[in-house]
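Asks: Contents of my_file-v4.csv (CSV, C-alpha atoms and all ligand atoms):
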chain,number,residue,atom,x,y,z
A,1,MET,CA,-15.6,27.6,16.1
A,2,GLU,CA,-13.8,26.4,13.0
A,3,PRO,CA,-14.3,22.8,12.1
A,4,ALA,CA,-11.3,20.7,13.2
A,5,CYS,CA,-10.2,19.7,9.7
A,6,SER,CA,-11.3,22.5,7.4
A,7,LEU,CA,-7.9,22.8,5.6
A,8,LEU,CA,-7.0,19.1,5.4
A,9,GLY,CA,-7.8,18.0,1.9
A,10,THR,CA,-8.7,21.4,0.6
A,11,VAL,CA,-5.1,22.9,0.3
A,12,ASP,CA,-2.8,21.3,-2.3
A,13,LEU,CA,0.6,23.0,-2.2
A,14,HIS,CA,2.3,20.9,-5.0
A,15,VAL,CA,0.9,21.2,-8.5
A,16,HIS,CA,2.5,21.3,-11.9
A,17,THR,CA,1.5,23.0,-15.1
A,18,THR,CA,2.7,23.1,-18.7
A,19,MET,CA,5.2,25.7,-17.6
A,20,SER,CA,7.3,22.7,-16.6
A,21,ASP,CA,6.3,19.1,-17.2
A,22,GLY,CA,2.6,19.2,-16.3
A,23,HIS,CA,-0.1,18.4,-18.8
A,24,LEU,CA,-2.6,21.2,-17.9
A,25,THR,CA,-2.2,24.9,-18.4
A,26,LEU,CA,-2.3,27.3,-15.5
A,27,GLU,CA,-5.9,28.2,-16.4
A,28,GLU,CA,-6.9,24.5,-16.6
A,29,VAL,CA,-5.3,23.8,-13.2
A,30,ALA,CA,-7.1,26.7,-11.6
A,31,ALA,CA,-10.4,25.6,-13.1
A,32,ALA,CA,-9.9,22.0,-12.0
A,33,ALA,CA,-9.0,23.1,-8.5
A,34,ALA,CA,-12.0,25.4,-8.2
A,35,GLU,CA,-14.3,22.6,-9.4
A,36,ARG,CA,-12.9,20.3,-6.7
A,37,GLY,CA,-13.1,23.0,-4.0
A,38,VAL,CA,-9.3,23.0,-3.5
A,39,ARG,CA,-6.9,25.9,-3.2
A,40,VAL,CA,-3.6,25.2,-5.0
A,41,GLY,CA,0.0,26.3,-4.9
A,42,ILE,CA,1.8,26.0,-8.2
A,43,ALA,CA,5.2,24.4,-7.7
A,44,ASP,CA,6.6,23.9,-11.2
A,45,HIS,CA,10.1,22.5,-11.6
A,46,VAL,CA,12.7,25.3,-11.6
A,47,SER,CA,15.9,23.6,-12.6
A,48,GLY,CA,18.6,23.5,-15.2
A,49,ARG,CA,18.6,19.7,-15.4
A,50,THR,CA,16.2,19.1,-18.3
A,51,PRO,CA,15.7,22.6,-19.8
A,52,HIS,CA,13.0,21.7,-22.2
A,53,LEU,CA,10.8,20.4,-19.4
A,54,MET,CA,11.6,22.9,-16.7
A,55,VAL,CA,11.7,26.6,-16.0
A,56,SER,CA,15.4,26.8,-16.7
A,57,SER,CA,16.5,30.4,-17.2
A,58,GLU,CA,16.2,33.7,-15.4
A,59,ALA,CA,14.0,35.0,-18.2
A,60,GLU,CA,11.7,31.9,-18.0
A,61,PHE,CA,11.5,32.3,-14.2
A,62,HIS,CA,10.5,35.9,-14.6
A,63,ALA,CA,7.7,35.0,-17.0
A,64,TYR,CA,6.6,32.1,-14.7
A,65,LEU,CA,6.3,34.5,-11.8
A,66,THR,CA,4.3,37.0,-13.8
A,67,ALA,CA,1.9,34.2,-15.0
A,68,LEU,CA,1.4,33.0,-11.4
A,69,GLU,CA,0.7,36.6,-10.2
A,70,GLY,CA,-2.2,36.8,-12.6
A,71,ALA,CA,-3.9,33.7,-11.2
A,72,GLU,CA,-5.7,32.8,-8.0
A,73,VAL,CA,-3.0,30.4,-6.8
A,74,TRP,CA,-0.1,30.4,-4.4
A,75,ARG,CA,3.2,31.0,-6.1
A,76,SER,CA,5.9,28.4,-5.5
A,77,ALA,CA,8.6,26.4,-7.3
A,78,GLU,CA,10.0,22.9,-6.9
A,79,PHE,CA,13.8,23.0,-6.6
A,80,CYS,CA,16.1,20.0,-6.9
A,81,TRP,CA,18.6,19.0,-4.2
A,82,CYS,CA,20.9,17.8,-6.9
A,83,ASP,CA,21.0,21.1,-8.8
A,84,ASP,CA,21.8,24.6,-7.4
A,85,PHE,CA,20.1,26.5,-10.3
A,86,GLY,CA,17.4,27.8,-8.1
A,87,GLN,CA,19.8,29.1,-5.5
A,88,ARG,CA,21.6,31.1,-8.1
A,89,LEU,CA,18.5,33.1,-9.2
A,90,PRO,CA,18.3,36.7,-8.0
A,91,GLU,CA,16.9,37.1,-4.5
A,92,ALA,CA,14.5,39.8,-5.8
A,93,LEU,CA,12.8,37.2,-8.1
A,94,LEU,CA,12.9,34.4,-5.5
A,95,ALA,CA,11.2,36.8,-3.0
A,96,ARG,CA,8.1,36.8,-5.2
A,97,LEU,CA,7.4,33.2,-4.3
A,98,ASP,CA,5.0,32.5,-1.4
A,99,TYR,CA,7.0,29.4,-0.4
A,100,ARG,CA,9.6,27.1,-1.8
A,101,VAL,CA,9.6,23.3,-2.2
A,102,GLY,CA,12.7,21.2,-2.2
A,103,SER,CA,13.0,17.7,-3.6
A,104,ASN,CA,15.4,14.8,-3.7
A,105,HIS,CA,15.4,14.0,-7.4
A,106,GLY,CA,19.0,12.8,-7.0
A,107,PHE,CA,21.6,12.9,-4.3
A,108,PRO,CA,25.4,12.9,-4.2
A,109,LEU,CA,26.9,9.7,-3.2
A,110,PRO,CA,30.0,9.2,-1.0
A,111,GLY,CA,32.9,8.4,-3.3
A,112,GLY,CA,31.2,10.3,-6.2
A,113,GLY,CA,28.2,9.9,-8.5
A,114,THR,CA,24.6,10.6,-8.0
A,115,GLY,CA,22.0,8.3,-6.5
A,116,SER,CA,18.4,8.2,-7.5
A,117,PRO,CA,15.3,7.5,-5.4
A,118,TRP,CA,13.8,5.9,-8.5
A,119,TRP,CA,16.6,3.4,-9.0
A,120,GLU,CA,15.1,0.0,-10.0
A,121,ALA,CA,18.5,-1.7,-9.9
A,122,LEU,CA,21.5,-0.7,-7.8
A,123,PRO,CA,24.8,0.1,-9.7
A,124,LYS,CA,27.8,-2.1,-8.9
A,125,PRO,CA,29.4,-0.5,-5.8
A,126,TRP,CA,26.0,-0.2,-4.1
A,127,ALA,CA,24.5,-3.6,-5.0
A,128,ALA,CA,26.4,-5.2,-2.2
A,129,ARG,CA,25.8,-2.3,0.2
A,130,PRO,CA,22.1,-1.4,0.1
A,131,GLN,CA,22.0,-0.4,3.8
A,132,ALA,CA,25.0,2.0,3.2
A,133,LEU,CA,23.1,3.5,0.3
A,134,MET,CA,20.0,4.0,2.5
A,135,ASP,CA,22.2,5.7,5.1
A,136,ALA,CA,23.7,8.0,2.4
A,137,MET,CA,20.3,8.9,1.2
A,138,VAL,CA,19.0,9.8,4.7
A,139,ASP,CA,22.1,11.8,5.4
A,140,GLU,CA,21.4,13.8,2.2
A,141,LEU,CA,17.7,14.3,3.1
A,142,CYS,CA,18.9,15.7,6.5
A,143,ARG,CA,21.4,18.0,4.8
A,144,MET,CA,18.7,19.1,2.3
A,145,VAL,CA,16.2,20.2,4.9
A,146,ARG,CA,18.9,21.8,7.1
A,147,THR,CA,20.6,23.8,4.3
A,148,MET,CA,18.2,24.4,1.5
A,149,PRO,CA,16.1,27.6,1.8
A,150,ILE,CA,12.7,25.8,1.5
A,151,GLN,CA,9.5,25.5,3.5
A,152,ILE,CA,8.4,22.1,2.2
A,153,ALA,CA,10.3,18.8,1.6
A,154,ALA,CA,8.3,17.1,-1.2
A,155,HIS,CA,8.0,13.3,-1.6
A,156,SER,CA,11.1,13.1,0.6
A,157,THR,CA,10.9,9.5,1.9
A,158,LEU,CA,10.7,8.2,-1.7
A,159,THR,CA,13.0,5.1,-1.5
A,160,PRO,CA,14.6,3.3,-4.5
A,161,PRO,CA,12.4,0.4,-5.7
A,162,ALA,CA,15.6,-1.6,-6.0
A,163,LEU,CA,15.7,-1.7,-2.1
A,164,PHE,CA,12.1,-2.9,-1.9
A,165,ALA,CA,12.9,-5.6,-4.4
A,166,LEU,CA,15.4,-6.9,-1.7
A,167,GLU,CA,13.1,-6.4,1.2
A,168,ASP,CA,9.5,-5.3,0.7
A,169,ASP,CA,9.1,-3.6,4.1
A,170,VAL,CA,9.4,0.1,4.4
A,171,GLU,CA,10.4,-0.2,8.1
A,172,ALA,CA,13.4,-2.4,7.1
A,173,TRP,CA,14.8,0.6,5.3
A,174,TRP,CA,13.4,3.4,7.4
A,175,THR,CA,14.7,2.1,10.6
A,176,PRO,CA,13.8,3.9,13.9
A,177,GLU,CA,17.3,5.4,14.0
A,178,ARG,CA,17.0,6.8,10.4
A,179,GLU,CA,13.5,8.0,11.1
A,180,ASP,CA,14.7,9.8,14.2
A,181,ARG,CA,17.6,11.4,12.4
A,182,TYR,CA,15.3,12.7,9.6
A,183,VAL,CA,12.5,13.8,12.0
A,184,GLN,CA,15.0,15.7,14.1
A,185,ALA,CA,16.4,17.5,11.0
A,186,LEU,CA,12.8,18.5,10.0
A,187,ALA,CA,11.9,19.6,13.5
A,188,GLN,CA,15.0,21.7,13.9
A,189,SER,CA,14.9,23.3,10.5
A,190,GLY,CA,11.2,24.0,10.6
A,191,VAL,CA,10.7,22.6,7.1
A,192,ALA,CA,7.3,21.0,6.6
A,193,LEU,CA,7.0,17.3,5.6
A,194,GLU,CA,4.8,16.8,2.5
A,195,ILE,CA,2.3,14.0,2.5
A,196,SER,CA,2.3,13.0,-1.2
A,197,ASN,CA,-0.9,11.9,-2.7
A,198,ARG,CA,0.9,10.8,-5.8
A,199,TYR,CA,3.6,8.6,-4.2
A,200,ARG,CA,1.5,7.6,-1.1
A,201,LEU,CA,4.2,8.5,1.4
A,202,PRO,CA,5.5,8.9,4.1
A,203,HIS,CA,4.5,5.8,5.9
A,204,ASP,CA,2.5,6.1,9.2
A,205,ARG,CA,5.2,5.4,11.7
A,206,LEU,CA,7.4,8.2,10.3
A,207,LEU,CA,4.4,10.6,10.2
A,208,ARG,CA,3.5,9.7,13.8
A,209,SER,CA,7.0,10.3,15.1
A,210,ALA,CA,7.2,13.6,13.1
A,211,LEU,CA,3.9,14.7,14.6
A,212,GLN,CA,5.2,14.0,18.1
A,213,ALA,CA,8.4,16.0,17.4
A,214,GLY,CA,6.3,19.0,16.4
A,215,VAL,CA,7.0,18.9,12.7
A,216,ARG,CA,4.6,20.7,10.4
A,217,PHE,CA,3.0,19.0,7.3
A,218,SER,CA,1.7,19.9,3.9
A,219,LEU,CA,-0.5,17.9,1.5
A,220,GLY,CA,0.5,17.7,-2.1
A,221,SER,CA,-1.0,16.0,-5.1
A,222,ASP,CA,2.2,16.5,-7.1
A,223,GLY,CA,-0.4,16.6,-9.9
A,224,HIS,CA,0.8,16.6,-13.5
A,225,THR,CA,-2.5,15.4,-15.1
A,226,ALA,CA,-6.2,16.2,-14.9
A,227,ALA,CA,-6.7,13.0,-13.0
A,228,GLN,CA,-4.1,14.0,-10.3
A,229,VAL,CA,-4.4,17.8,-9.9
A,230,ALA,CA,-6.1,18.9,-6.6
A,231,ARG,CA,-6.7,15.2,-5.6
A,232,LEU,CA,-5.8,14.7,-2.0
A,233,GLU,CA,-8.0,11.8,-0.8
A,234,TRP,CA,-5.2,9.5,0.2
A,235,ALA,CA,-3.1,12.2,1.8
A,236,ALA,CA,-6.0,13.6,3.8
A,237,GLU,CA,-7.1,10.2,5.0
A,238,THR,CA,-3.6,9.4,6.0
A,239,ALA,CA,-3.2,12.7,7.9
A,240,ARG,CA,-6.4,12.1,9.8
A,241,ARG,CA,-5.5,8.5,10.5
A,242,VAL,CA,-2.2,9.5,12.3
A,243,GLY,CA,-3.8,12.4,14.1
A,244,ILE,CA,-2.7,15.4,12.0
A,245,THR,CA,-5.2,18.4,12.2
A,246,ASP,CA,-5.2,21.9,10.6
A,247,ARG,CA,-3.0,23.1,13.5
A,248,GLN,CA,0.0,21.1,12.2
A,249,LEU,CA,-0.3,22.2,8.6
A,250,PHE,CA,2.0,24.6,6.9
A,251,VAL,CA,-0.1,27.3,5.1
A,252,PRO,CA,1.4,30.1,3.1
A,253,GLU,CA,1.0,33.5,4.7
A,254,ARG,CA,-0.5,35.3,1.7
A,255,ARG,CA,-4.3,35.0,1.4
A,256,TRP,CA,-6.1,35.2,-1.9
B,301,ZN,ZN,9.5,16.1,-7.4
B,302,ZN,ZN,6.5,17.7,-8.3
For this file, write the structure as structure tokens.
Ligand SMILES: [Zn+2]
Ligand SMILES: [Zn+2]
Replies:
Amino acid sequence: MEPACSLLGTVDLHVHTTMSDGHLTLEEVAAAAAERGVRVGIADHVSGRTPHLMVSSEAEFHAYLTALEGAEVWRSAEFCWCDDFGQRLPEALLARLDYRVGSNHGFPLPGGGTGSPWWEALPKPWAARPQALMDAMVDELCRMVRTMPIQIAAHSTLTPPALFALEDDVEAWWTPEREDRYVQALAQSGVALEISNRYRLPHDRLLRSALQAGVRFSLGSDGHTAAQVARLEWAAETARRVGITDRQLFVPERRW
């Protein structure tokens, strides 16, 4: 019989390289992962937002895929919810990916403008309405997993630090109603919820309710540096603590 947790902590489906904003080359990532006994999926940023830091043209995406196909890694890409660049790429190229990651690096706000999960201060119209901002962000996360052609939602419960400055309790922002809404969207879409070693989220209550709802999970280092790549200690410990086993993990179909 297989050990109960042979995949937990040994599969990292969210790693960056120098092909976007990572510090290690593909070869260095593969070597670091092998040394740590972890199989990795490369999910570099594919987006037109900051072209010099991302795979940002069809030609670059083609070269990116070719590089990944020459390495012992799963082939993925991290697409932005706030940018449809990835969805405009030819399907024949996108089909060469083993799975796709979607991330909230910015979300459209009701009334216009773009919100950021990294906001350290709230801009004027939202400073007086932090709960409305949180609702808007959760609405967008639900829309992201329901409409984006992705298999994993990365660091999705990342919440603006400006909100924690007002109230430093994750459950004050991720209320049961908002959690339920997001968990339902994940369960119905079949998109896996990433446990992010880098950002140390989601929090336990949301993970437990996702587990109960039959949501699948993936572990990601979101590694950009040698210290981060293929490091999943916090994510694996968290998964075990809430009762997640290999059976609930999303694993790409292709074996290598
Ligand atoms: Zn990201
Ligand atoms: Zn990332």
Asks: From the list A:Gly190, A:Gly106, A:His16, A:Glu253, which residue is nearest Leu68 (chain A) when using only C-alpha atoms?
Replies: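 Checking each of A:Gly190, A:Gly106, A:His16, A:Glu253 against Leu68 (chain A), counting only C-alpha atoms, the winner is A:His16.
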Asks: Check which residues fall inside 8 Å of ligand ZN 302 (chain B) when counting only C-alpha atoms and all ligand atoms, and print them as a list in words.
Replies: His14, Val15, His16, Ala43, Asp44, His45, Glu78, Ala154, Asp222, Gly223 and His224 of chain A
Asks: Could you list, as number ranges by chain, all protein and nucleic acid residues with an atom at most 12 Å from ligand ZN 301 (chain B), counting all atoms listed in the file?
Replies: A: 14-16, 20-22, 43-47, 54, 77-82, 101-106, 116-118, 152-158, 194, 196, 198-199, 220-224
Asks: So what do you get for CA of Pro125 (chain A) versus CA of Gly111 (chain A), distance-wise?
Replies: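 Calculated distance between CA of Pro125 (chain A) and CA of Gly111 (chain A) is 9.9 Å.
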Asks: Glu237 (chain A): which residues within 9 Å, counting all atoms listed in the file, same-chain residues fewer than 5 positions away excluded, as a list in words?
Replies: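 Surrounding residues, per the criterion: Leu8, Gly9, Leu232 and Val242 of chain A.
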Asks: Looking at only C-alpha atoms, which of A:Ser6, A:Ala31, A:Leu97, A:Tyr182 is the one that sits closest to Arg247 (chain A)?
Replies: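 Counting only C-alpha atoms, the residue closest to Arg247 (chain A) is A:Ser6.
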Asks: As a PyMOL selection string, please: the residues near Arg240 (chain A) (cut-off 12 Å, all atoms listed in the file, same-chain neighbours under 2 positions excluded).
Replies: chain A and resi 4-9+195+204+207-208+211+217+219+233-238+242-246+248-249
Asks: Go ahead and write the residues just picked, C-alpha atoms, as a compact mmCIF listing (two decimals), keeping the file's coordinate frame.
Replies:
# COMPACT_ATOMS: atom_id res chain seq x y z
CA ALA A 4 -11.30 20.70 13.20
CA CYS A 5 -10.20 19.70 9.70
CA SER A 6 -11.30 22.50 7.40
CA LEU A 7 -7.90 22.80 5.60
CA LEU A 8 -7.00 19.10 5.40
CA GLY A 9 -7.80 18.00 1.90
CA ILE A 195 2.30 14.00 2.50
CA ASP A 204 2.50 6.10 9.20
CA LEU A 207 4.40 10.60 10.20
CA ARG A 208 3.50 9.70 13.80
CA LEU A 211 3.90 14.70 14.60
CA PHE A 217 3.00 19.00 7.30
CA LEU A 219 -0.50 17.90 1.50
CA GLU A 233 -8.00 11.80 -0.80
CA TRP A 234 -5.20 9.50 0.20
CA ALA A 235 -3.10 12.20 1.80
CA ALA A 236 -6.00 13.60 3.80
CA GLU A 237 -7.10 10.20 5.00
CA THR A 238 -3.60 9.40 6.00
CA VAL A 242 -2.20 9.50 12.30
CA GLY A 243 -3.80 12.40 14.10
CA ILE A 244 -2.70 15.40 12.00
CA THR A 245 -5.20 18.40 12.20
CA ASP A 246 -5.20 21.90 10.60
CA GLN A 248 0.00 21.10 12.20
CA LEU A 249 -0.30 22.20 8.60
Asks: Measure the distance from CA of Ala187 (chain A) to CA of Pro202 (chain A) in Å and round it to one decimal.
Replies: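 A separation of 15.6 Å between them.
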Asks: Between A:Arg96, A:Glu179, A:Met19, A:Met148, which has the minimum distance to Ala213 (chain A) (counting all atoms listed in the file)?
Replies: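 Using all atoms listed in the file, the shortest distance to Ala213 (chain A) belongs to A:Glu179.
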Asks: Neighbouring residues of Gly48 (chain A) were defined as those with any atom within 9 Å, considering only C-alpha atoms; residues of the same chain fewer than 6 positions away were excluded. Please report them as a list in words.
Replies: Met54, Val55, Ser56, Ser57, Asp83, Asp84, Phe85 and Gly86 of chain A
Asks: So how far away is CA of Leu26 (chain A) from CA of Val38 (chain A), in Å?
Replies: 14.5 Å
Asks: Applying 10 Å and all atoms listed in the file, which residues near Gly115 (chain A) remain after dropping the ones on its own chain fewer than 5 positions away? List them as a PyMOL selection string.
Replies: chain A and resi 82+104-110+122-123+126+133+136-137+160
Asks: Taking all atoms listed in the file into account, which of A:Val251, A:Ala32, A:Leu93, A:Val170 comes nearest Glu60 (chain A)?
Replies: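 Using all atoms listed in the file, Glu60 (chain A) sits closest to A:Leu93.
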